[in-house]
Amino acid sequence: MRIKFFTGLIFFALSLILQYIWIRIQRRIHITQQQKWYGINIDNEIKAATPSMGGVVFLCLAIISLLINPSWNALLFWSFPFLSGMIGFIDDWMKFRSHTSEGFRSLSKLKLQLVLCGLWCIIVFACGKMGLWPGIFDSWWWISIPVTFLVSAGTINAVNITDGLDGLAAGSFLISIAVMMILIPMNDFNSDILIQLFFMVSGFMFFNIRPAKTFMGDTGSHFLGGALAAMCVINGRTLAILPVGFIFIIEMLSSAIQIFTIHKLNRKIFLMAPLHHHFQKLGLDETSVTIRFWLVHAVGSVCLALLLLNL
């Protein structure tokens, strides 16, 4: 336990130091992101001047973790968030190079995500680690594979959609890690990974709490989504994504509902999607929305986790 404690402190210190250095580099070469013209249009000048690729540090720390513990399980786990983060990095880099708020075309990025998720799910299945939840459809691989595939792709995009306010996605992720500790078997490997994830994201949060000094960008949101999905999947507990991804799923559903009603019913359900922007439009300030979403995520996650544990 003492070793794990020091490992956590080391990852926290590394995260702080690397984020600080990376922020300085980004400011020097002006790596910022143009704000969307159809966005919420609050604090646009401030946010447009904020470094936007903080998630690059997550990729570096994932490599460090793999070098510290070079095992097959570690490679199987870290490969998914790392490669997901690389898709986000390419998207962020395209935005930076073109000086616009648009990188990949949505369909092109989705195709890359689906290819990655498909290949990774096949490898996980071949390793015999796939499962929805102990005792649920244990031998029904023809259900487990498509569900795992959808969860993997969906979680990446759900975290990406949620990452719209200072500290919202990163703070929600820390809550998810805490809840995951009661859902996932705490063997040496899992506890090491969860501790490393918790402290590396805590270091980022130090600079991301409002007013943010850096944003994680698509690099970071894709990485965190991949990490949540990977931890659930490789432990044969894919359904654990329901509690640990509670607020992320709500945010994704709000966007899906908004798109559907606009195109099919020619009307809006929300003032703006995803849901956190709806509450901003109602007049709540960014910090109030973020803290309330953290609270809803914590309560919802714990309630669903308790239900899942009783199955």
# chains A, B, ... in the order shown; residues from 1 in each chain; ligands from 1
>>> residues_around(residues="stretch 65-70 of chain A", least_positions_apart="6", cutoff="10 Å", atoms="only C-alpha atoms", output="CSV table (one decimal) with N, CA, C and O atoms, in the first residue's frame")
chain,number,residue,atom,x,y,z
A,11,PHE,N,2.9,10.2,-9.8
A,11,PHE,CA,2.1,10.5,-11.0
A,11,PHE,C,1.5,11.9,-10.9
A,11,PHE,O,1.4,12.7,-11.9
A,59,LEU,N,-1.1,11.2,-22.7
A,59,LEU,CA,-0.5,10.2,-23.6
A,59,LEU,C,0.9,9.9,-23.0
A,59,LEU,O,1.4,8.8,-23.0
A,77,PHE,N,-4.6,-2.8,-21.8
A,77,PHE,CA,-5.4,-1.6,-21.3
A,77,PHE,C,-5.0,-0.3,-21.9
A,77,PHE,O,-5.8,0.4,-22.5
A,78,TRP,N,-3.7,0.1,-21.8
A,78,TRP,CA,-3.3,1.4,-22.2
A,78,TRP,C,-3.4,1.6,-23.7
A,78,TRP,O,-3.5,2.8,-24.2
A,79,SER,N,-3.4,0.6,-24.5
A,79,SER,CA,-3.5,0.7,-26.0
A,79,SER,C,-4.7,1.4,-26.4
A,79,SER,O,-4.7,2.2,-27.3
A,189,PHE,N,-3.0,-5.1,-10.3
A,189,PHE,CA,-3.0,-4.4,-11.6
A,189,PHE,C,-4.1,-3.3,-11.6
A,189,PHE,O,-3.8,-2.1,-12.0
A,192,ASP,N,-3.4,-0.3,-9.3
A,192,ASP,CA,-2.3,0.5,-9.8
A,192,ASP,C,-2.8,1.4,-10.9
A,192,ASP,O,-2.5,2.6,-10.9
A,193,ILE,N,-3.5,0.9,-11.9
A,193,ILE,CA,-4.0,1.7,-13.0
A,193,ILE,C,-5.0,2.8,-12.5
A,193,ILE,O,-4.9,3.9,-12.9
A,196,GLN,N,-3.1,5.5,-10.8
A,196,GLN,CA,-2.3,6.3,-11.7
A,196,GLN,C,-3.3,7.3,-12.5
A,196,GLN,O,-3.0,8.5,-12.7
A,197,LEU,N,-4.4,6.7,-12.9
A,197,LEU,CA,-5.4,7.6,-13.7
A,197,LEU,C,-5.9,8.7,-12.8
A,197,LEU,O,-6.0,9.8,-13.2
>>> select_by_dssp(residues="stretch 21-236 of chain A", states="alpha helix (DSSP H)", output="PyMOL selection string")
chain A and resi 21-29+44-48+56-68+72-98+106-126+141-162+168-183+188-208+217-234
>>> atom_distance(atom1="atom CA of A:Asp92", atom2="atom CA of A:His277")
21.7 Å
>>> atom_distance(atom1="atom CA of A:Gln113", atom2="atom CA of A:Ile25")
28.7 Å
>>> residues_around(residues="A:Gly85", least_positions_apart="3", cutoff="8 Å", atoms="only C-alpha atoms", output="list of chain:residue names")
A:Gly55, A:Leu59, A:Pro81, A:Phe82, A:Gly88, A:Phe89, A:Asp218, A:Thr219, A:Gly220, A:Ser221, A:His222, A:Phe223, A:Gly226
>>> residues_around(residues="A:Arg97", least_positions_apart="3", cutoff="12 Å", atoms="only C-alpha atoms", output="list in words")
Ile29, His30, Ile31, Thr32, Gln33, Gln34, Ile90, Asp91, Asp92, Trp93, Met94, Thr100, Ser101, Glu102, Gly103 and Phe104 of chain A
>>> write_last_selection(atoms="all heavy atoms", output="short mmCIF file (atom, residue, chain, number, x, y, z; two decimals), in the first residue's frame")
data_model
loop_
_atom_site.label_atom_id
_atom_site.label_comp_id
_atom_site.auth_asym_id
_atom_site.auth_seq_id
_atom_site.Cartn_x
_atom_site.Cartn_y
_atom_site.Cartn_z
N ILE A 29 3.95 28.76 -28.72
CA ILE A 29 3.68 28.51 -30.15
C ILE A 29 2.21 28.70 -30.49
O ILE A 29 1.76 28.34 -31.57
CB ILE A 29 4.16 27.10 -30.57
CG1 ILE A 29 3.45 26.01 -29.76
CG2 ILE A 29 5.65 26.97 -30.42
CD1 ILE A 29 3.87 24.60 -30.14
N HIS A 30 1.46 29.27 -29.52
CA HIS A 30 0.06 29.67 -29.74
C HIS A 30 -0.85 28.50 -30.13
O HIS A 30 -1.60 28.57 -31.10
CB HIS A 30 -0.02 30.76 -30.82
CG HIS A 30 0.84 31.95 -30.51
ND1 HIS A 30 0.58 32.81 -29.46
CD2 HIS A 30 1.98 32.42 -31.11
CE1 HIS A 30 1.51 33.76 -29.43
NE2 HIS A 30 2.38 33.54 -30.41
N ILE A 31 -0.76 27.40 -29.36
CA ILE A 31 -1.67 26.29 -29.57
C ILE A 31 -2.95 26.56 -28.79
O ILE A 31 -3.06 26.24 -27.60
CB ILE A 31 -1.06 24.94 -29.15
CG1 ILE A 31 0.18 24.63 -29.98
CG2 ILE A 31 -2.09 23.81 -29.32
CD1 ILE A 31 0.82 23.29 -29.64
N THR A 32 -3.89 27.20 -29.45
CA THR A 32 -5.20 27.46 -28.87
C THR A 32 -6.25 27.00 -29.86
O THR A 32 -5.93 26.57 -30.98
CB THR A 32 -5.40 28.95 -28.56
OG1 THR A 32 -5.20 29.71 -29.77
CG2 THR A 32 -4.41 29.43 -27.50
N GLN A 33 -7.50 27.07 -29.45
CA GLN A 33 -8.56 26.56 -30.31
C GLN A 33 -9.61 27.64 -30.56
O GLN A 33 -10.07 28.29 -29.63
CB GLN A 33 -9.24 25.35 -29.66
CG GLN A 33 -10.35 24.73 -30.51
CD GLN A 33 -10.92 23.49 -29.86
OE1 GLN A 33 -10.20 22.65 -29.36
NE2 GLN A 33 -12.23 23.39 -29.84
N GLN A 34 -9.95 27.82 -31.83
CA GLN A 34 -11.02 28.75 -32.17
C GLN A 34 -12.34 28.25 -31.60
O GLN A 34 -12.65 27.06 -31.65
CB GLN A 34 -11.13 28.89 -33.69
CG GLN A 34 -9.92 29.52 -34.36
CD GLN A 34 -9.75 30.97 -33.98
OE1 GLN A 34 -10.73 31.71 -33.88
NE2 GLN A 34 -8.51 31.40 -33.76
N ILE A 90 -4.91 14.06 -33.51
CA ILE A 90 -4.92 14.43 -34.93
C ILE A 90 -6.00 15.47 -35.19
O ILE A 90 -5.79 16.45 -35.92
CB ILE A 90 -5.16 13.17 -35.80
CG1 ILE A 90 -3.98 12.20 -35.66
CG2 ILE A 90 -5.32 13.56 -37.27
CD1 ILE A 90 -4.24 10.83 -36.29
N ASP A 91 -7.16 15.28 -34.56
CA ASP A 91 -8.25 16.24 -34.70
C ASP A 91 -7.84 17.62 -34.17
O ASP A 91 -8.05 18.65 -34.82
CB ASP A 91 -9.48 15.72 -33.96
CG ASP A 91 -10.75 16.45 -34.33
OD1 ASP A 91 -10.83 16.97 -35.46
OD2 ASP A 91 -11.67 16.51 -33.50
N ASP A 92 -7.24 17.64 -32.97
CA ASP A 92 -6.79 18.90 -32.37
C ASP A 92 -5.73 19.57 -33.24
O ASP A 92 -5.73 20.80 -33.41
CB ASP A 92 -6.21 18.64 -30.98
CG ASP A 92 -7.27 18.38 -29.93
OD1 ASP A 92 -8.42 18.83 -30.13
OD2 ASP A 92 -6.96 17.73 -28.92
N TRP A 93 -4.81 18.76 -33.76
CA TRP A 93 -3.73 19.33 -34.57
C TRP A 93 -4.27 19.93 -35.86
O TRP A 93 -3.80 21.00 -36.31
CB TRP A 93 -2.69 18.26 -34.88
CG TRP A 93 -1.46 18.81 -35.55
CD1 TRP A 93 -1.12 18.72 -36.87
CD2 TRP A 93 -0.42 19.57 -34.91
NE1 TRP A 93 0.07 19.37 -37.10
CE2 TRP A 93 0.53 19.90 -35.92
CE3 TRP A 93 -0.20 20.00 -33.60
CZ2 TRP A 93 1.67 20.65 -35.65
CZ3 TRP A 93 0.95 20.74 -33.34
CH2 TRP A 93 1.86 21.05 -34.35
N MET A 94 -5.25 19.29 -36.45
CA MET A 94 -5.86 19.83 -37.67
C MET A 94 -6.55 21.17 -37.39
O MET A 94 -6.50 22.09 -38.21
CB MET A 94 -6.86 18.81 -38.25
CG MET A 94 -6.20 17.58 -38.83
SD MET A 94 -7.39 16.29 -39.32
CE MET A 94 -8.21 17.09 -40.70
N THR A 100 -9.13 26.91 -37.21
CA THR A 100 -10.60 26.87 -37.18
C THR A 100 -11.03 25.98 -36.02
O THR A 100 -10.21 25.34 -35.37
CB THR A 100 -11.18 26.30 -38.49
OG1 THR A 100 -10.85 24.91 -38.59
CG2 THR A 100 -10.65 27.04 -39.70
N SER A 101 -12.35 25.94 -35.77
CA SER A 101 -12.89 25.08 -34.71
C SER A 101 -13.25 23.70 -35.23
O SER A 101 -13.75 22.86 -34.48
CB SER A 101 -14.14 25.74 -34.11
OG SER A 101 -15.14 25.90 -35.10
N GLU A 102 -12.98 23.44 -36.51
CA GLU A 102 -13.32 22.15 -37.11
C GLU A 102 -12.06 21.43 -37.54
O GLU A 102 -11.20 21.99 -38.22
CB GLU A 102 -14.24 22.35 -38.33
CG GLU A 102 -15.53 23.12 -38.03
CD GLU A 102 -16.42 22.43 -37.02
OE1 GLU A 102 -16.36 21.18 -36.93
OE2 GLU A 102 -17.16 23.13 -36.31
N GLY A 103 -11.93 20.17 -37.14
CA GLY A 103 -10.79 19.36 -37.54
C GLY A 103 -11.23 18.28 -38.50
O GLY A 103 -11.56 18.54 -39.66
N PHE A 104 -11.27 17.03 -38.02
CA PHE A 104 -11.80 15.93 -38.81
C PHE A 104 -13.25 16.20 -39.19
O PHE A 104 -14.00 16.81 -38.42
CB PHE A 104 -11.82 14.64 -37.97
CG PHE A 104 -10.60 13.78 -38.12
CD1 PHE A 104 -9.90 13.36 -37.00
CD2 PHE A 104 -10.15 13.37 -39.37
CE1 PHE A 104 -8.79 12.55 -37.11
CE2 PHE A 104 -9.04 12.56 -39.49
CZ PHE A 104 -8.36 12.16 -38.36
#
>>> residues_around(residues="A:Pro243", least_positions_apart="2", cutoff="6 Å", atoms="only C-alpha atoms", output="ChimeraX atom specification")
/A:240-241,245-246,301,304-305
>>> write_last_selection(atoms="C-alpha atoms", output="PDB file, in the first residue's frame")
ATOM      1  CA  ALA A 240     -20.183  -0.993 -15.192  1.00  0.00           C
ATOM      2  CA  ILE A 241     -20.055   1.819 -17.735  1.00  0.00           C
ATOM      3  CA  GLY A 245     -20.370   6.931 -17.177  1.00  0.00           C
ATOM      4  CA  PHE A 246     -23.644   8.246 -15.760  1.00  0.00           C
ATOM      5  CA  SER A 301     -23.193   6.749 -10.177  1.00  0.00           C
ATOM      6  CA  LEU A 304     -26.580   2.643 -10.163  1.00  0.00           C
ATOM      7  CA  ALA A 305     -23.444   0.987  -8.771  1.00  0.00           C
TER       8      ALA A 305
END
>>> residues_around(residues="A:Pro51", least_positions_apart="5", cutoff="12 Å", atoms="only C-alpha atoms", output="list of chain:residue names")
A:Gln19, A:Tyr20, A:Ile21, A:Trp22, A:Ile23, A:Arg24, A:Ile25, A:Gln26, A:Arg27, A:Arg28, A:Ile29, A:His30, A:Ile31, A:Thr32, A:Gln33, A:Gln34, A:Ile46, A:Val56, A:Asp92, A:Phe96, A:Phe207, A:Asn208, A:Ala212, A:Lys213, A:Thr214, A:Phe215, A:Met216, A:Gly217
>>> residues_around(residues="A:Phe173", least_positions_apart="2", cutoff="9 Å", atoms="only C-alpha atoms", output="compact mmCIF listing (two decimals) with N, CA and C atoms, in the first residue's frame")
# COMPACT_ATOMS: atom_id res chain seq x y z
N VAL A 159 -17.66 11.29 -23.45
CA VAL A 159 -16.75 12.15 -22.69
C VAL A 159 -16.38 13.38 -23.51
N LEU A 168 -15.44 20.22 -15.98
CA LEU A 168 -16.61 19.33 -15.97
C LEU A 168 -16.23 17.89 -16.27
N ALA A 169 -15.58 17.64 -17.40
CA ALA A 169 -15.25 16.27 -17.80
C ALA A 169 -14.20 15.67 -16.88
N ALA A 170 -13.17 16.43 -16.54
CA ALA A 170 -12.10 15.90 -15.69
C ALA A 170 -12.61 15.61 -14.28
N GLY A 171 -13.41 16.52 -13.72
CA GLY A 171 -13.96 16.28 -12.38
C GLY A 171 -14.90 15.10 -12.35
N ILE A 175 -14.68 11.32 -10.24
CA ILE A 175 -15.79 10.67 -9.54
C ILE A 175 -16.00 9.26 -10.07
N SER A 176 -15.90 9.11 -11.38
CA SER A 176 -16.06 7.80 -12.00
C SER A 176 -15.00 6.82 -11.51
N ILE A 177 -13.77 7.29 -11.38
CA ILE A 177 -12.69 6.42 -10.88
C ILE A 177 -12.98 5.97 -9.46
N ALA A 178 -13.47 6.88 -8.62
CA ALA A 178 -13.80 6.52 -7.24
C ALA A 178 -14.90 5.46 -7.19
N PHE A 198 -6.24 8.36 -11.53
CA PHE A 198 -6.78 9.37 -10.62
C PHE A 198 -5.81 10.53 -10.43
N VAL A 201 -5.02 12.70 -13.72
CA VAL A 201 -6.10 13.62 -14.05
C VAL A 201 -6.24 14.69 -12.97
N LEU A 224 -9.64 9.87 -21.99
CA LEU A 224 -10.39 9.54 -20.77
C LEU A 224 -11.56 8.62 -21.08
N GLY A 225 -12.25 8.86 -22.18
CA GLY A 225 -13.33 7.96 -22.57
C GLY A 225 -12.82 6.56 -22.83
N LEU A 228 -12.01 4.80 -19.41
CA LEU A 228 -13.19 4.30 -18.71
C LEU A 228 -13.70 3.01 -19.35
N VAL A 244 -20.47 4.33 -13.93
CA VAL A 244 -19.27 5.18 -13.99
C VAL A 244 -19.36 6.21 -15.10
N GLY A 245 -20.20 5.97 -16.09
CA GLY A 245 -20.37 6.93 -17.18
C GLY A 245 -21.69 7.68 -17.11
>>> atom_distance(atom1="atom CA of A:Thr50", atom2="atom CA of A:Leu271")
26.1 Å
>>> closest_residue(among="A:Gly131, A:Gly203, A:Gly8, A:Gly118", to="A:Gly236", atoms="only C-alpha atoms")
A:Gly131
>>> closest_residue(among="A:Ile156, A:Met272, A:Val179, A:Cys60", to="A:Ser84", atoms="only C-alpha atoms")
A:Ile156
>>> closest_residue(among="A:Leu174, A:Leu110, A:Met181, A:Ser144", to="A:Met200", atoms="only C-alpha atoms")
A:Leu174
>>> closest_residue(among="A:Ile291, A:Ile63, A:Val233, A:Val296", to="A:Phe125", atoms="only C-alpha atoms")
A:Val233
